[in-house]
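K.L.:
So that you have it, the file is my_file_12.cif, and it contains mmCIF, C-alpha atoms:
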data_coords
loop_
_atom_site.label_atom_id
_atom_site.label_comp_id
_atom_site.auth_asym_id
_atom_site.auth_seq_id
_atom_site.Cartn_x
_atom_site.Cartn_y
_atom_site.Cartn_z
CA MET A 1 30.54 5.50 -11.08
CA THR A 2 27.67 7.94 -10.87
CA ILE A 3 27.26 9.17 -7.30
CA LYS A 4 24.39 7.37 -5.60
CA HIS A 5 22.93 8.71 -2.36
CA TYR A 6 20.77 6.88 0.16
CA LEU A 7 18.40 9.52 1.52
CA GLN A 8 15.20 7.46 1.73
CA PHE A 9 14.21 3.84 1.17
CA THR A 10 13.06 4.45 -2.40
CA ASP A 11 16.55 5.52 -3.49
CA LEU A 12 17.34 1.85 -4.13
CA THR A 13 15.46 -0.77 -6.14
CA ALA A 14 14.11 -4.13 -5.01
CA ASP A 15 16.93 -5.81 -6.94
CA GLU A 16 19.52 -3.70 -5.13
CA TYR A 17 18.00 -4.63 -1.77
CA ALA A 18 18.13 -8.31 -2.69
CA TYR A 19 21.85 -7.87 -3.40
CA LEU A 20 22.46 -5.91 -0.19
CA PHE A 21 20.70 -8.48 2.02
CA THR A 22 22.75 -11.28 0.47
CA ARG A 23 25.93 -9.24 0.83
CA ALA A 24 25.11 -8.32 4.44
CA ALA A 25 24.68 -12.03 5.25
CA LEU A 26 28.17 -12.74 3.86
CA ILE A 27 29.69 -9.79 5.72
CA LYS A 28 28.02 -10.86 8.97
CA LYS A 29 29.23 -14.45 8.53
CA LYS A 30 32.80 -13.24 8.09
CA PHE A 31 32.45 -10.92 11.12
CA LYS A 32 31.31 -13.83 13.30
CA ALA A 33 34.25 -15.92 12.07
CA TYR A 34 36.75 -13.09 12.76
CA GLU A 35 37.67 -12.92 9.08
CA LYS A 36 38.93 -9.60 7.75
CA HIS A 37 36.80 -7.83 5.19
CA HIS A 38 38.76 -4.69 4.32
CA THR A 39 37.05 -3.63 1.11
CA LEU A 40 37.11 0.06 2.09
CA ALA A 41 40.76 0.36 3.10
CA ASP A 42 41.99 3.97 2.98
CA ARG A 43 38.42 5.29 2.64
CA THR A 44 37.04 7.83 5.12
CA LEU A 45 33.49 8.20 6.40
CA ALA A 46 32.36 11.55 7.81
CA MET A 47 29.57 11.19 10.38
CA ILE A 48 27.57 14.34 11.08
CA PHE A 49 25.22 14.38 14.07
CA GLU A 50 22.64 17.05 14.80
CA LYS A 51 20.63 14.45 16.75
CA ALA A 52 22.16 12.38 19.54
CA SER A 53 22.78 8.72 18.82
CA THR A 54 23.97 5.42 20.26
CA ARG A 55 23.18 2.71 17.71
CA THR A 56 23.70 4.88 14.63
CA ARG A 57 27.11 6.10 15.77
CA VAL A 58 28.39 2.72 16.98
CA SER A 59 27.08 0.78 13.96
CA PHE A 60 28.52 3.16 11.37
CA GLU A 61 31.79 3.84 13.18
CA ALA A 62 32.54 0.21 14.08
CA GLY A 63 31.34 -0.90 10.65
CA MET A 64 33.63 1.48 8.78
CA TYR A 65 36.66 0.41 10.86
CA GLN A 66 35.80 -3.24 10.20
CA LEU A 67 35.78 -2.48 6.47
CA GLY A 68 39.33 -1.15 6.83
CA GLY A 69 38.42 2.52 6.62
CA SER A 70 38.51 5.46 9.02
CA VAL A 71 35.94 7.80 10.52
CA VAL A 72 35.61 11.53 11.20
CA HIS A 73 32.95 12.35 13.80
CA LEU A 74 31.30 15.78 13.70
CA THR A 75 28.52 17.40 15.70
CA THR A 76 26.97 20.85 15.43
CA GLY A 77 28.72 21.71 18.70
CA ASP A 78 32.25 21.10 17.44
CA SER A 79 32.03 22.28 13.83
CA GLN A 80 30.97 25.25 11.74
CA LEU A 81 27.66 23.48 11.12
CA GLY A 82 26.53 24.88 14.47
CA ARG A 83 27.75 28.38 13.63
CA SER A 84 25.43 29.18 10.73
CA GLU A 85 27.71 28.09 7.90
CA PRO A 86 25.44 27.33 4.93
CA ILE A 87 24.91 23.61 4.62
CA GLU A 88 25.81 23.87 0.93
CA ASP A 89 29.26 25.21 1.86
CA SER A 90 29.82 22.50 4.46
CA ALA A 91 28.88 19.84 1.91
CA LYS A 92 31.31 21.16 -0.67
CA VAL A 93 34.18 21.17 1.83
CA ILE A 94 33.52 17.90 3.69
CA SER A 95 32.91 15.95 0.49
CA ARG A 96 36.31 17.05 -0.89
CA MET A 97 38.08 15.53 2.11
CA THR A 98 36.15 12.31 2.70
CA ASP A 99 34.74 9.46 0.62
CA LEU A 100 31.33 9.04 2.22
CA VAL A 101 29.04 11.08 4.49
CA MET A 102 26.41 9.91 6.96
CA ILE A 103 24.08 12.53 8.43
CA ARG A 104 21.64 12.25 11.34
CA THR A 105 19.59 15.42 11.45
CA TYR A 106 16.09 16.91 11.75
CA GLY A 107 14.45 17.97 8.49
CA GLN A 108 14.83 15.91 5.31
CA ASP A 109 15.42 19.18 3.47
CA LYS A 110 18.82 19.50 5.18
CA ILE A 111 20.12 16.16 4.02
CA ASN A 112 18.70 16.73 0.54
CA SER A 113 20.53 20.06 0.33
CA PHE A 114 23.77 18.50 1.57
CA ALA A 115 23.55 15.69 -0.98
CA ALA A 116 22.86 18.13 -3.81
CA ASN A 117 26.20 19.80 -3.07
CA SER A 118 28.25 16.71 -2.23
CA ARG A 119 30.86 15.07 -4.44
CA VAL A 120 30.51 11.77 -2.53
CA PRO A 121 27.61 9.52 -1.51
CA VAL A 122 25.44 10.70 1.38
CA ILE A 123 23.54 8.34 3.71
CA ASN A 124 20.51 9.20 5.82
CA GLY A 125 21.26 8.14 9.40
CA LEU A 126 17.82 9.46 10.45
CA THR A 127 15.65 12.47 9.74
CA ASN A 128 12.24 13.51 11.03
CA GLU A 129 10.69 12.05 7.88
CA PHE A 130 12.63 8.82 7.20
CA HIS A 131 14.89 6.19 8.78
CA PRO A 132 15.87 3.95 5.84
CA CYS A 133 18.90 2.24 7.42
CA GLN A 134 16.76 1.03 10.31
CA ILE A 135 14.08 -0.45 8.05
CA MET A 136 16.76 -2.11 5.95
CA ALA A 137 18.10 -3.72 9.15
CA ASP A 138 14.58 -4.73 10.23
CA LEU A 139 13.86 -6.40 6.91
CA PHE A 140 17.19 -8.20 6.93
CA THR A 141 16.45 -9.43 10.47
CA PHE A 142 13.04 -10.75 9.40
CA ILE A 143 14.54 -12.50 6.38
CA GLU A 144 17.34 -13.93 8.53
CA HIS A 145 14.86 -15.40 11.03
CA ARG A 146 12.72 -16.84 8.26
CA GLY A 147 15.69 -18.46 6.53
CA LEU A 148 17.87 -16.47 4.12
CA THR A 149 17.77 -17.98 0.62
CA ALA A 150 19.17 -17.15 -2.80
CA HIS A 151 16.06 -15.01 -3.27
CA PRO A 152 15.88 -13.08 0.03
CA LEU A 153 12.87 -10.93 -0.90
CA GLU A 154 10.58 -13.89 -1.54
CA CYS A 155 9.82 -14.41 2.14
CA LEU A 156 8.49 -10.83 2.36
CA LYS A 157 5.83 -11.26 -0.32
CA GLY A 158 2.32 -11.16 1.13
CA LYS A 159 3.47 -10.75 4.73
CA VAL A 160 1.76 -8.43 7.21
CA VAL A 161 3.67 -5.97 9.40
CA ALA A 162 1.70 -4.33 12.23
CA TRP A 163 2.89 -0.84 13.08
CA VAL A 164 1.55 0.23 16.49
CA GLY A 165 2.21 3.76 17.73
CA ASP A 166 3.31 7.07 16.26
CA GLY A 167 2.99 7.85 12.55
CA ASN A 168 6.63 8.91 12.50
CA ASN A 169 9.73 8.48 10.32
CA MET A 170 9.78 4.74 10.97
CA ALA A 171 6.15 4.37 9.89
CA ASN A 172 6.77 6.43 6.74
CA THR A 173 9.70 4.22 5.79
CA TRP A 174 7.77 1.00 6.48
CA LEU A 175 5.15 2.20 3.99
CA GLN A 176 7.82 2.84 1.36
CA ALA A 177 9.27 -0.64 1.90
CA ALA A 178 5.84 -2.29 1.68
CA ASP A 179 5.04 -0.40 -1.52
CA MET A 180 8.28 -1.57 -3.13
CA LEU A 181 8.66 -5.11 -1.78
CA GLY A 182 5.11 -6.43 -1.84
CA PHE A 183 3.98 -6.76 1.75
CA THR A 184 1.28 -4.95 3.75
CA VAL A 185 1.55 -2.67 6.76
CA HIS A 186 -1.31 -2.52 9.27
CA VAL A 187 -1.05 0.94 10.80
CA SER A 188 -2.66 1.87 14.11
CA THR A 189 -1.99 5.27 15.65
CA PRO A 190 -3.91 7.48 18.09
CA SER A 191 -6.05 10.20 16.57
CA GLY A 192 -3.88 13.16 15.61
CA TYR A 193 -0.74 11.07 15.13
CA GLU A 194 -1.62 9.38 11.83
CA VAL A 195 0.80 8.49 9.06
CA ASP A 196 0.78 10.90 6.12
CA PRO A 197 1.06 8.74 2.97
CA ALA A 198 1.96 11.85 0.95
CA ILE A 199 5.29 12.04 2.81
CA ALA A 200 6.08 8.46 1.89
CA GLY A 201 5.20 9.20 -1.75
CA LEU A 202 3.45 5.88 -2.29
CA SER A 203 2.65 4.57 -5.74
CA ASN A 204 0.21 2.00 -4.34
CA THR A 205 -2.00 2.83 -1.36
CA ASN A 206 -3.09 -0.81 -1.18
CA CYS A 207 0.18 -1.58 0.60
CA TYR A 208 -1.21 -0.41 3.94
CA LYS A 209 -4.41 -0.52 5.97
CA VAL A 210 -5.39 1.77 8.83
CA PHE A 211 -6.92 0.48 12.08
CA ASP A 212 -8.32 2.55 14.94
CA ASN A 213 -7.88 -0.43 17.26
CA PRO A 214 -4.27 -1.64 17.63
CA MET A 215 -5.50 -5.13 18.58
CA GLN A 216 -7.14 -5.43 15.16
CA ALA A 217 -4.00 -4.14 13.46
CA CYS A 218 -2.01 -7.00 15.02
CA GLU A 219 -4.46 -9.70 13.98
CA GLY A 220 -2.69 -12.21 11.73
CA ALA A 221 0.53 -10.16 11.61
CA ASP A 222 3.87 -11.78 10.83
CA LEU A 223 5.73 -8.96 12.55
CA VAL A 224 4.65 -6.47 15.23
CA THR A 225 6.78 -3.38 15.64
CA THR A 226 6.68 -0.05 17.41
CA ASP A 227 8.78 2.92 18.50
CA VAL A 228 8.93 5.38 21.38
CA TRP A 229 5.89 7.59 21.79
CA THR A 230 7.98 10.77 21.86
CA SER A 231 10.72 11.03 19.25
CA MET A 232 13.63 13.47 19.48
CA GLY A 233 12.48 17.00 18.83
CA TYR A 234 9.01 16.43 20.29
CA GLU A 235 9.91 16.35 23.99
CA ALA A 236 7.58 19.27 24.78
CA GLU A 237 4.65 17.00 23.81
CA ASN A 238 5.72 14.15 26.09
CA GLU A 239 2.94 14.32 28.68
CA ALA A 240 0.21 14.80 26.07
CA ARG A 241 1.58 11.89 24.07
CA LYS A 242 1.62 9.59 27.11
CA LYS A 243 -2.11 10.16 27.54
CA ALA A 244 -2.93 9.84 23.84
CA PHE A 245 -0.90 6.63 23.39
CA ALA A 246 -1.99 4.85 26.57
CA ASP A 247 -3.84 2.11 24.63
CA TRP A 248 -1.00 1.60 22.13
CA CYS A 249 1.37 -0.36 24.36
CA VAL A 250 2.39 -3.62 22.68
CA ASP A 251 1.67 -6.21 25.37
CA SER A 252 1.19 -9.98 25.44
CA GLU A 253 -2.51 -9.67 24.55
CA MET A 254 -1.63 -7.70 21.46
CA MET A 255 1.08 -10.18 20.45
CA ALA A 256 -1.44 -13.01 20.93
CA MET A 257 -3.51 -11.49 18.11
CA ALA A 258 -0.58 -11.94 15.71
CA LYS A 259 0.51 -15.24 14.22
CA PRO A 260 1.98 -17.71 16.73
CA ASN A 261 5.45 -17.33 15.19
CA ALA A 262 5.24 -13.55 14.78
CA LEU A 263 8.34 -11.54 15.59
CA PHE A 264 8.51 -8.37 17.68
CA MET A 265 10.84 -5.52 16.74
CA HIS A 266 11.70 -2.12 18.19
CA CYS A 267 14.38 0.22 16.83
CA LEU A 268 15.44 1.18 20.40
CA PRO A 269 15.88 2.84 22.81
CA ALA A 270 12.75 1.37 24.41
CA HIS A 271 10.69 2.41 27.41
CA ARG A 272 9.33 -0.73 29.05
CA GLY A 273 5.83 -0.13 30.32
CA GLU A 274 5.13 2.60 27.77
CA GLU A 275 5.20 1.59 24.09
CA VAL A 276 6.05 -2.04 24.90
CA ALA A 277 5.58 -4.35 27.87
CA ALA A 278 8.71 -5.83 29.43
CA ASP A 279 7.54 -9.40 28.88
CA VAL A 280 7.23 -8.70 25.15
CA ILE A 281 10.54 -6.95 24.45
CA ASP A 282 12.37 -9.44 26.69
CA GLY A 283 10.25 -12.39 25.57
CA PRO A 284 10.85 -15.22 23.10
CA GLN A 285 9.26 -13.46 20.12
CA SER A 286 11.48 -10.40 20.45
CA VAL A 287 14.44 -10.09 18.06
CA VAL A 288 15.43 -6.55 19.04
CA TRP A 289 19.06 -7.43 19.81
CA ASP A 290 19.58 -9.14 16.45
CA GLU A 291 17.84 -6.15 14.88
CA ALA A 292 20.21 -3.71 16.61
CA GLU A 293 23.33 -5.65 15.60
CA ASN A 294 22.11 -5.98 12.03
CA ARG A 295 22.21 -2.21 11.62
CA MET A 296 25.97 -2.57 11.42
CA HIS A 297 25.97 -5.43 8.92
CA VAL A 298 23.49 -3.93 6.45
CA GLN A 299 25.19 -0.54 6.68
CA LYS A 300 28.55 -2.13 5.92
CA ALA A 301 27.00 -3.68 2.82
CA LEU A 302 25.44 -0.31 1.93
CA MET A 303 28.64 1.69 2.33
CA GLU A 304 30.59 -0.84 0.29
CA TYR A 305 27.93 -0.76 -2.44
CA LEU A 306 27.74 3.04 -2.65
CA LEU A 307 31.52 3.29 -3.04
CA LEU A 308 32.41 0.17 -5.01
CA GLY A 309 29.24 -1.14 -6.62
CA ARG A 310 28.48 -4.85 -6.67
CA GLN A 311 31.27 -7.13 -5.56
#
Is it possible to express this structure as C-alpha cells?
P.N.:
Amino acid sequence: MTIKHYLQFTDLTADEYAYLFTRAALIKKKFKAYEKHHTLADRTLAMIFEKASTRTRVSFEAGMYQLGGSVVHLTTGDSQLGRSEPIEDSAKVISRMTDLVMIRTYGQDKINSFAANSRVPVINGLTNEFHPCQIMADLFTFIEHRGLTAHPLECLKGKVVAWVGDGNNMANTWLQAADMLGFTVHVSTPSGYEVDPAIAGLSNTNCYKVFDNPMQACEGADLVTTDVWTSMGYEAENEARKKAFADWCVDSEMMAMAKPNALFMHCLPAHRGEEVAADVIDGPQSVVWDEAENRMHVQKALMEYLLLGRQ
C-alpha cells in the first residue's frame, strides 16, 4: 500500500470518512461486548508528545492495545527530540522501528516535515493549526446520536454547527469538515480572534457564516460547540483573553437559541463558568463524555485503515 498520512481533515475523502464511521461503530460495539478485535497484532505505535495530553494519550494508547498492538511513548524531555536532533533524522529512525506514528506538537510544519521523512503513516494528534482526530470523533458522536445508518454522512447534510469562542485549530478543522461534508458552521469569535479561512484552505466559503453576536450564531443550530479560551502555548494571553471572551460563554440562554434537540460538545478539558456554564456541560443536551470516549473508537478505525486498508 502507498503510505497514507492523516495530518489534517482533508487528507481523507468523504467516502473514506463514511467507511471509518461505519467501522468505528462496529469496533465500539465489539468493545462494549468485550469481544477481541486484534487486527493490529504485533504492530507498534510510536506516540510523540511535545504538548501535554490526557485524552489523546489514553485514547491512542488504550486503543492500540485493544487492537492487539503495542505502544512506545516519547516526549521531548526523554528523547533526542528535545536535544535539537533534526526532526527529519528522528522521523527516519523512528519510522524504521515502528509501524505507525502519532504526533501532538505545536506548528503544523513540524508534523509535515516528520511525515515527509517517515516510512510509516503519521497521524496528527493535535497541532496549533488542526485537530482532525477530535473533529472526526465529534462528527461520529453527532451521527451516533442521530441514528447511525448505512449512509452515515447523510444526517450531516444541511446541518448547522455553531462554533462559539476562539478561532483556533478546532475551528479551522470544523471549516474543513463542513466544506467536505456539506454542512454549515456558524462562527462567532471576539474581535481579534477570528478564524482564518486561508489556513483551512477552503474550496467553498459558503460552508461557513460569521456572526459578531454568539447568540445569533446559535440560532437554529443542530450542534453548539466550543473550546477553552486559552489553548496551550497561549498562556501569556490568559488574562486578556478572559476579558475579550467574556460574552462568549455558552450558557442556557445561548443553547435556547439552538434547536430544541441540539447537542452540546466540548473537546475538553473544560472550565465551567468560562467558555461553558456548568448547567450546559452537565445538562441533558451535553454529549461530551460520549464525545471523549469516541476519540478512542474512531482512532482505532483510523489506525487500522492506515495500516491495513478497508476490512
K.L.:
Just the residues within 9 Å of A:Leu175, please, counting all atoms listed in the file, with nothing from its chain fewer than 4 positions along; format it as a list in words.
P.N.:
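The residues satisfying every condition are Met170, Ala171, Asp179, Met180, Thr184, Val185, Pro197, Ala200, Leu202, Thr205, Cys207 and Tyr208 of chain A.
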K.L.:
Report, in Å with one decimal, the straight-line distance from atom CA of A:Met255 to atom CA of A:Glu219.
P.N.:
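Separating atom CA of A:Met255 from atom CA of A:Glu219 is a distance of 8.5 Å.
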K.L.:
So, with all atoms listed in the file as the atoms that count, which of A:Val228, A:Val187, A:Ala33, A:Ala221 lies closest to A:Val160?
P.N.:
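With all atoms listed in the file as the atom set, the closest residue is A:Ala221.
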K.L.:
Determine the nearest neighbour of A:Arg272 from the options A:Gln216, A:Asn168, A:Gln8, A:Cys249, counting all atoms listed in the file.
P.N.:
A:Cys249
K.L.:
Which residues match the PyMOL selection byres ((chain A and resi 151) around 10) in the file above, as a PyMOL selection string?
P.N.:
chain A and resi 15+18-19+21-22+148-150+152-155
K.L.:
To one decimal in Å, tell me the separation between atom CA of A:His271 and atom CA of A:Asn294.
P.N.:
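Computing it gives 20.9 Å between the two atoms.
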K.L.:
Here is a test: counting only C-alpha atoms, which residue of A:Thr76, A:Ser286, A:Thr105, A:Gln176 is nearest to A:Leu126?
P.N.:
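That would be A:Thr105, the residue with the smallest distance to A:Leu126.
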K.L.:
Taking into account all atoms listed in the file, which residue in the set A:Leu67, A:Tyr193, A:Thr54, A:Leu45 is nearest to A:Ala301?
P.N.:
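Using all atoms listed in the file, the shortest distance to A:Ala301 belongs to A:Leu67.
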K.L.:
Could you list the residues chosen by the PyMOL selection byres ((chain A and resi 62) around 12) in this structure as a list of chain:residue names?
P.N.:
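On this input, the PyMOL selection byres ((chain A and resi 62) around 12) captures A:Phe31, A:Leu45, A:Met47, A:Thr54, A:Arg55, A:Thr56, A:Arg57, A:Val58, A:Ser59, A:Phe60, A:Glu61, A:Gly63, A:Met64, A:Tyr65, A:Gln66, A:Leu67, A:Gly68, A:Gly69, A:Ser70, A:Val71, A:Glu293, A:Arg295, A:Met296, A:His297, A:Gln299, A:Lys300.
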K.L.:
Taking the file as shown, find all residues satisfying the PyMOL selection byres ((chain A and resi 136) around 12) and write them as an MDAnalysis selection string.
P.N.:
chainID A and resid 6 8:10 12 14 16:18 20:21 24 124:125 130:135 137:143 153 170 173:174 176:178 181 267 291:292 294:302
K.L.:
Nearest to A:Arg104 among A:Glu274, A:Glu129, A:Asp247, A:Glu253, with distances taken over all atoms listed in the file: which residue is it?
P.N.:
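That would be A:Glu129, the residue with the smallest distance to A:Arg104.
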K.L.:
Padding of 4 Å on every side, edges along x, y and z, all listed atoms of stretch 119-137 of chain A included: what centre and edge lengths in Å, to one decimal, does that box have, as JSON?
P.N.:
{"center_x": 20.8, "center_y": 5.7, "center_z": 3.3, "size_x": 28.2, "size_y": 26.8, "size_z": 23.5}
K.L.:
Which of these residues is nearest to A:Ala258, using all atoms listed in the file: A:Gln285, A:Asn238, A:Thr189, A:Ser53?
P.N.:
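Checking each of A:Gln285, A:Asn238, A:Thr189, A:Ser53 against A:Ala258, counting all atoms listed in the file, the winner is A:Gln285.
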K.L.:
Would you list the contacts of A:Val280 as a ChimeraX atom specification, taking every protein, DNA or RNA residue within 7 Å and counting all atoms listed in the file, but skipping same-chain residues closer than 3 positions in sequence?
P.N.:
/A:251-252,276-277,283,286
K.L.:
Suppose you want the space between atom CA of A:Asn213 and atom CA of A:Asp227; what is it in Å?
P.N.:
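Answer for the atom CA of A:Asn213 to atom CA of A:Asp227 separation: 17.0 Å.
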